[in-house]
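**Q** To be precise about what I am sending: the file is called coords_39.cif and holds mmCIF, C-alpha atoms.
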data_input
#
loop_
_atom_site.label_atom_id
_atom_site.label_comp_id
_atom_site.auth_asym_id
_atom_site.auth_seq_id
_atom_site.Cartn_x
_atom_site.Cartn_y
_atom_site.Cartn_z
CA MET A 298 159.80 147.71 88.41
CA THR A 299 158.28 145.92 85.42
CA THR A 300 156.60 143.31 87.66
CA LEU A 301 154.99 145.96 89.84
CA THR A 302 153.67 147.86 86.84
CA THR A 303 152.12 144.72 85.30
CA SER A 304 150.48 143.79 88.59
CA ALA A 305 149.04 147.26 88.97
CA VAL A 306 147.51 147.12 85.51
CA ALA A 307 146.04 143.63 86.05
CA ALA A 308 144.52 144.45 89.43
CA PRO A 309 140.77 145.21 89.42
CA GLU A 310 139.68 148.77 89.93
CA ALA A 311 138.60 149.83 93.37
CA GLY A 312 134.87 149.29 93.94
CA ALA A 313 134.44 146.94 90.96
CA LEU A 314 132.16 143.93 91.62
CA PRO A 315 133.57 140.46 90.90
CA GLN A 316 132.01 138.80 87.85
CA VAL A 317 129.60 136.06 88.90
CA ARG A 318 129.11 133.14 86.54
CA ARG A 319 125.45 132.64 85.77
CA ARG A 320 124.17 129.22 86.74
CA ARG A 321 122.79 127.20 83.85
CA ARG A 322 119.18 126.15 84.36
CA LEU A 323 118.74 122.44 83.66
CA SER A 324 115.20 121.79 84.91
CA PRO A 325 112.27 121.75 82.44
CA GLY A 326 110.85 124.91 84.03
CA ARG A 327 107.40 125.70 85.34
CA ARG A 328 104.44 123.57 84.29
CA LEU A 329 102.22 125.04 81.61
CA PRO A 330 98.49 125.26 82.42
CA ALA A 331 96.49 122.51 80.72
CA ALA A 332 99.69 121.42 78.97
CA ARG A 333 98.39 117.95 78.11
CA LEU A 334 95.55 119.42 76.06
CA ILE A 335 97.86 121.38 73.76
CA GLY A 336 98.80 118.34 71.65
CA PRO A 337 95.23 117.05 71.09
CA LEU A 338 93.97 120.58 70.36
CA THR A 339 96.75 121.06 67.83
CA VAL A 340 95.74 117.84 66.06
CA LEU A 341 92.10 119.00 66.08
CA VAL A 342 93.02 122.38 64.57
CA LEU A 343 95.10 120.72 61.83
CA TRP A 344 92.31 118.25 61.11
CA THR A 345 89.76 121.09 60.84
CA ALA A 346 92.00 123.18 58.61
CA ALA A 347 92.79 120.26 56.29
CA SER A 348 89.10 119.34 56.01
CA ALA A 349 88.08 122.93 55.28
CA ALA A 350 90.78 123.18 52.60
CA GLY A 351 89.59 119.96 50.94
CA ALA A 352 92.91 118.20 51.53
CA LEU A 353 91.23 115.15 53.12
CA ASP A 354 88.92 112.64 51.47
CA PRO A 355 85.54 112.98 53.28
CA GLY A 356 84.83 109.30 52.65
CA ALA A 357 88.01 108.20 54.45
CA ILE A 358 88.42 110.96 57.06
CA PRO A 359 85.22 112.96 57.58
CA ALA A 360 85.44 116.54 58.78
CA PRO A 361 85.17 117.25 62.53
CA TRP A 362 81.75 118.87 62.12
CA THR A 363 80.48 115.75 60.34
CA VAL A 364 81.71 113.58 63.20
CA LEU A 365 80.03 115.88 65.74
CA ARG A 366 76.72 115.70 63.85
CA THR A 367 76.97 111.90 63.76
CA ALA A 368 77.71 111.77 67.50
CA GLY A 369 74.70 113.99 68.20
CA ARG A 370 72.44 111.79 66.08
CA LEU A 371 73.65 108.60 67.77
CA TRP A 372 73.19 110.17 71.19
CA THR A 373 69.68 111.40 70.39
CA ASP A 374 68.41 108.06 69.16
CA GLY A 375 69.78 106.34 72.30
CA THR A 376 72.40 104.19 70.58
CA LEU A 377 75.47 105.95 71.94
CA PRO A 378 74.44 106.17 75.64
CA THR A 379 73.70 102.44 75.74
CA ASP A 380 76.99 101.51 74.08
CA VAL A 381 79.02 103.87 76.28
CA LEU A 382 77.51 102.51 79.50
CA THR A 383 78.10 98.93 78.36
CA SER A 384 81.76 99.66 77.57
CA LEU A 385 82.27 101.46 80.87
CA LYS A 386 80.81 98.51 82.77
CA ARG A 387 83.07 96.00 81.02
CA ALA A 388 86.19 98.10 81.40
CA GLY A 389 85.41 98.91 85.04
CA SER A 390 84.80 95.28 86.02
CA GLY A 391 87.95 94.02 84.35
CA PHE A 392 90.01 96.89 85.73
CA ALA A 393 88.85 96.31 89.31
CA ILE A 394 89.72 92.61 89.15
CA GLY A 395 93.08 93.25 87.49
CA LEU A 396 93.99 95.99 89.97
CA THR A 397 93.24 93.79 92.98
CA ALA A 398 95.11 90.80 91.53
CA GLY A 399 98.13 92.86 90.49
CA VAL A 400 98.58 94.50 93.89
CA LEU A 401 98.08 91.33 95.92
CA LEU A 402 100.43 89.28 93.74
CA ALA A 403 103.07 92.01 93.83
CA LEU A 404 102.92 92.19 97.63
CA ALA A 405 103.12 88.42 97.96
CA ALA A 406 106.07 88.19 95.59
CA GLY A 407 107.84 91.29 96.88
CA LEU A 408 107.64 90.50 100.60
CA SER A 409 108.35 86.77 100.50
CA ARG A 410 111.02 84.72 98.75
CA ALA A 411 108.63 81.77 98.58
CA GLY A 412 105.97 84.00 97.05
CA GLU A 413 108.46 85.36 94.53
CA ALA A 414 109.50 81.83 93.54
CA LEU A 415 105.88 80.81 92.96
CA ILE A 416 104.50 83.98 91.40
CA ASP A 417 107.14 86.00 89.57
CA GLY A 418 108.14 83.37 87.01
CA THR A 419 104.49 82.64 86.22
CA VAL A 420 103.69 86.31 85.68
CA GLN A 421 106.77 86.77 83.51
CA LEU A 422 105.62 83.81 81.40
CA ASN A 423 102.17 85.34 81.14
CA ARG A 424 103.72 88.66 80.09
CA ALA A 425 105.62 86.91 77.26
CA ILE A 426 102.37 85.49 75.84
CA PRO A 427 100.29 88.00 73.82
CA THR A 428 97.17 88.53 75.90
CA LEU A 429 94.87 88.82 72.91
CA GLY A 430 96.26 85.47 71.75
CA LEU A 431 94.54 83.92 74.78
CA ILE A 432 91.09 84.84 73.44
CA PRO A 433 90.39 81.50 71.66
CA LEU A 434 91.40 79.53 74.76
CA PHE A 435 89.30 81.68 77.09
CA ILE A 436 86.31 81.32 74.79
CA LEU A 437 86.62 77.53 75.14
CA TRP A 438 86.92 77.82 78.93
CA LEU A 439 84.43 80.59 79.73
CA GLY A 440 82.14 80.74 76.72
CA ILE A 441 81.66 83.66 74.40
CA GLY A 442 79.65 85.85 76.77
CA GLU A 443 80.69 88.68 79.08
CA THR A 444 82.85 86.59 81.41
CA PHE A 445 85.70 85.99 79.01
CA LYS A 446 85.77 89.69 78.02
CA VAL A 447 86.13 90.79 81.64
CA ALA A 448 88.78 88.11 82.24
CA ILE A 449 90.91 89.25 79.29
CA ILE A 450 90.70 92.89 80.40
CA ALA A 451 91.71 91.83 83.93
CA ILE A 452 94.81 90.09 82.55
CA VAL A 453 95.73 93.13 80.44
CA VAL A 454 95.46 95.29 83.58
CA TYR A 455 97.12 93.14 86.23
CA VAL A 456 100.39 92.48 84.35
CA PRO A 457 101.72 96.09 84.25
CA ILE A 458 100.47 96.78 87.77
CA TYR A 459 102.26 93.70 89.10
CA LEU A 460 105.49 94.34 87.19
CA ASN A 461 105.88 97.97 88.25
CA THR A 462 104.76 97.44 91.85
CA HIS A 463 107.01 94.43 92.26
CA ALA A 464 109.95 96.34 90.76
CA ALA A 465 109.34 99.20 93.20
CA LEU A 466 109.20 96.78 96.13
CA SER A 467 112.42 95.11 95.04
CA GLY A 468 114.07 98.52 94.74
CA ILE A 469 113.42 99.58 98.35
CA ASP A 470 116.73 100.34 100.04
CA SER A 471 117.73 97.51 102.36
CA ARG A 472 118.88 100.08 104.92
CA PHE A 473 115.26 101.02 105.52
CA VAL A 474 114.50 97.37 106.24
CA GLU A 475 117.41 97.18 108.68
CA LEU A 476 116.27 100.38 110.38
CA ALA A 477 112.75 98.97 110.75
CA GLU A 478 114.20 95.82 112.35
CA VAL A 479 116.30 97.90 114.75
CA GLN A 480 113.24 99.95 115.67
CA GLY A 481 111.31 96.74 116.33
CA LEU A 482 108.48 97.49 113.89
CA SER A 483 105.79 94.88 113.50
CA ARG A 484 105.00 93.41 110.10
CA ILE A 485 101.93 95.66 109.74
CA ALA A 486 103.85 98.77 110.76
CA PHE A 487 106.68 97.83 108.40
CA VAL A 488 104.27 97.53 105.49
CA ARG A 489 102.54 100.80 106.36
CA GLN A 490 105.64 102.91 107.00
CA VAL A 491 108.22 101.42 104.61
CA VAL A 492 106.66 99.16 101.99
CA ILE A 493 103.71 101.28 100.91
CA PRO A 494 105.63 104.60 100.55
CA GLY A 495 108.42 102.79 98.69
CA ALA A 496 106.06 100.98 96.32
CA LEU A 497 103.68 103.86 95.52
CA PRO A 498 105.74 105.46 92.71
CA GLY A 499 105.99 102.18 90.81
CA PHE A 500 102.37 101.34 91.57
CA PHE A 501 101.14 104.55 89.95
CA VAL A 502 103.21 103.88 86.83
CA GLY A 503 101.62 100.44 86.56
CA LEU A 504 98.19 101.92 87.30
CA ARG A 505 98.47 104.34 84.38
CA LEU A 506 99.52 101.52 82.05
CA GLY A 507 96.69 99.34 83.37
CA VAL A 508 94.07 102.03 82.78
CA THR A 509 95.23 102.50 79.21
CA GLY A 510 95.42 98.74 78.67
CA SER A 511 91.81 98.27 79.74
CA TRP A 512 90.63 100.52 76.90
CA LEU A 513 92.98 98.95 74.36
CA GLY A 514 91.72 95.47 75.20
CA LEU A 515 88.10 96.59 75.20
CA VAL A 516 88.10 97.89 71.64
CA VAL A 517 89.14 94.43 70.38
CA LEU A 518 86.95 92.34 72.67
CA GLU A 519 83.78 94.24 71.87
CA GLN A 520 84.06 93.13 68.26
CA ILE A 521 83.77 89.45 69.24
CA ASN A 522 80.18 88.20 69.56
CA ALA A 523 79.01 91.45 71.15
CA THR A 524 75.59 93.05 70.71
CA SER A 525 76.44 96.38 72.31
CA GLY A 526 79.40 98.54 73.21
CA LEU A 527 81.59 101.01 71.37
CA GLY A 528 83.63 98.27 69.71
CA TYR A 529 80.44 96.63 68.42
CA LEU A 530 79.24 100.00 67.13
CA MET A 531 82.52 100.50 65.25
CA PHE A 532 82.43 96.94 63.85
CA GLN A 533 78.92 97.44 62.48
CA ALA A 534 79.96 100.80 61.00
CA GLN A 535 82.88 99.09 59.23
CA ASN A 536 80.46 96.69 57.53
CA TYR A 537 78.42 99.62 56.19
CA GLY A 538 81.37 101.87 55.36
CA GLN A 539 80.43 104.52 57.94
CA SER A 540 83.79 106.09 58.69
CA ASP A 541 82.16 108.92 60.65
CA VAL A 542 80.71 106.43 63.15
CA ILE A 543 84.11 104.72 63.46
CA LEU A 544 85.73 108.07 64.25
CA VAL A 545 83.05 108.77 66.87
CA GLY A 546 83.96 105.53 68.62
CA LEU A 547 87.70 106.21 68.38
CA LEU A 548 87.33 109.72 69.76
CA ILE A 549 85.26 108.48 72.70
CA TYR A 550 87.89 105.84 73.47
CA GLY A 551 90.55 108.55 73.28
CA VAL A 552 88.63 110.86 75.61
CA PHE A 553 88.08 108.03 78.10
CA GLY A 554 91.78 107.18 78.02
CA LEU A 555 92.91 110.79 78.42
CA VAL A 556 90.48 111.53 81.25
CA SER A 557 91.28 108.35 83.18
CA ASP A 558 95.03 108.92 82.80
CA SER A 559 94.62 112.53 83.97
CA VAL A 560 92.68 111.38 87.03
CA VAL A 561 95.44 108.91 87.93
CA ARG A 562 98.07 111.64 87.47
CA LEU A 563 96.11 113.99 89.72
CA VAL A 564 95.80 111.38 92.46
CA GLU A 565 99.49 110.54 92.08
CA ARG A 566 100.55 114.18 92.52
CA ARG A 567 98.45 114.53 95.65
CA VAL A 568 99.49 111.21 97.22
CA LEU A 569 103.17 111.69 96.36
CA SER A 570 103.29 115.43 97.06
CA TRP A 571 106.23 114.82 99.43
CA ARG A 572 108.48 113.89 96.47
CA ARG A 573 110.53 116.53 94.70
CA THR A 574 110.71 115.51 91.04
CA LEU A 575 111.03 117.16 87.64
CA SER A 576 107.28 116.87 87.11
CA ASN A 577 106.40 118.98 90.16
#
Give the structure from this file in structure tokens form.
**A**
Amino acid sequence: MTTLTTSAVAAPEAGALPQVRRRRRLSPGRRLPAARLIGPLTVLVLWTAASAAGALDPGAIPAPWTVLRTAGRLWTDGTLPTDVLTSLKRAGSGFAIGLTAGVLLALAAGLSRAGEALIDGTVQLNRAIPTLGLIPLFILWLGIGETFKVAIIAIVVYVPIYLNTHAALSGIDSRFVELAEVQGLSRIAFVRQVVIPGALPGFFVGLRLGVTGSWLGLVVLEQINATSGLGYLMFQAQNYGQSDVILVGLLIYGVFGLVSDSVVRLVERRVLSWRRTLSN
């Protein structure tokens, strides 16, 4: 009798819905519009507020409106357009050479054991040597003109592109290779249908690092026996204590880096739209 009474009390009432445990959401959630601009805009707001409140030394960190006036003056007198075009030309030439070399070397090392034996160790050695430390040697080899600047930028670019593309190639599942052999794919078809899709994610990671590296290398190289360019402009401003001009150059470098990285991200999302990842 006692057992029946206890069971009757414990039983759920007629018509009651079973309690469903709510699933915990682990994904980051939906992407915010223009999310990558929130951080820079926050820094700009804080900089403006601190300058307006007099918390910053105008001689060390000029106010944003002072930097904008300086940029307008440099643009009007023709100095800034010339320097920007010169920097873009140097960075573009070095990036194009580094991109081509990085991809070709990664394919040669990733698709051939002989190529890997010849190439991978050399690239790893090059990676261990600070690239900017090669500047004196390249000046002896190539002179102090434009050639050595483009060559250094190309080295800065090709290393991350090679490393990430080669790592992606090495990480391709061997079962895909076996399936391609069973299907009788030719070498060209194998590269098009298996190698390229498998290597693209790593390639885009290396491409983003290479784009950023081209700007980082440029700001140093343009201060060595240069007569134009943003780095030269900043070096001359340092000699005359013009911190506003230095900030103009830094902001332009930052804008170039942010825009180029955003373009690579946009291309990556479109090319790799078939992937389901946390970012999309």
**Q** What separation in Å, quoted to one decimal, exists between atom CA of A:Ala477 and atom CA of A:Leu404?
**A** 17.7 Å
**Q** Could you list the residues chosen by the PyMOL selection byres ((chain A and resi 371) around 12) in this structure as a VMD selection string?
**A** chain A and resid 364 to 370 372 to 381 527 530 541 to 543 545 to 546
**Q** Can you tell me which residues surround A:Leu460 at a distance of at most 9 Å, considering all atoms listed in the file, apart from same-chain residues fewer than 5 positions away, and format the answer as a VMD selection string?
**A** chain A and resid 399 403 417 420 to 421 455 465 499 to 500 503
**Q** Dig up all the protein and nucleic acid residues within 12 Å of (100.9, 110.9, 92.2) in the file frame, using only C-alpha atoms, and format them as a PyMOL selection string.
**A** chain A and resi 494+496-505+558-574+576-577
**Q** Using all atoms listed in the file, which of the listed residues (A:Thr383, A:Ser390, A:Ser511, A:Ser348) sits closest to A:Thr428?
**A**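 Counting all atoms listed in the file, the residue closest to A:Thr428 is A:Ser511.
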**Q** Report, in Å to a single decimal, how far apart atom CA of A:Ile335 and atom CA of A:Thr363 are.
**A**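 Spanning atom CA of A:Thr363 to atom CA of A:Ile335 is a straight-line distance of 22.7 Å.
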**Q** For the structure provided, state which residues fall under the PyMOL selection byres ((chain A and resi 507) around 12), and present them as a VMD selection string.
**A** chain A and resid 388 to 389 391 to 400 450 to 462 500 to 506 508 to 514 554 557 to 558 561
**Q** Name the residues within 12 Å of (87.1, 111.6, 56.1), counting only C-alpha atoms in the file's coordinates, and put them as number ranges by chain.
**A** A: 344-345, 347-349, 351-364, 538-545
**Q** Write out as JSON, numbers by chain each polymer residue whose atoms come within 12 Å of A:Ile441, counting all atoms listed in the file; drop sequence neighbours fewer than 4 positions from it.
**A** {"A": [432, 433, 434, 435, 436, 437, 445, 446, 447, 448, 449, 518, 519, 520, 521, 522, 523, 524]}
**Q** Go ahead and compute the interatomic distance for atom CA of A:Leu343 and atom CA of A:Tyr550, in Å to one decimal.
**A**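 Computing the Euclidean distance for atom CA of A:Leu343 and atom CA of A:Tyr550 yields 20.2 Å.
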**Q** What's around A:Gly495 at 9 Å? Count only C-alpha atoms, leave out sequence neighbours fewer than 5 positions away in its own chain, and write the answer as a list in words.
**A**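 The neighbour list is Ala465, Leu466, Gly468, Ile469, Asp470 and Gln490 of chain A.
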**Q** What lies within 12 Å of A:Leu334 using all atoms listed in the file, ignoring chain neighbours under 6 positions off, as a list of chain:residue names?
**A**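 Skipping anything fewer than 6 positions along the chain leaves A:Val340, A:Leu341, A:Val552, A:Leu555, A:Val556, A:Ser559.
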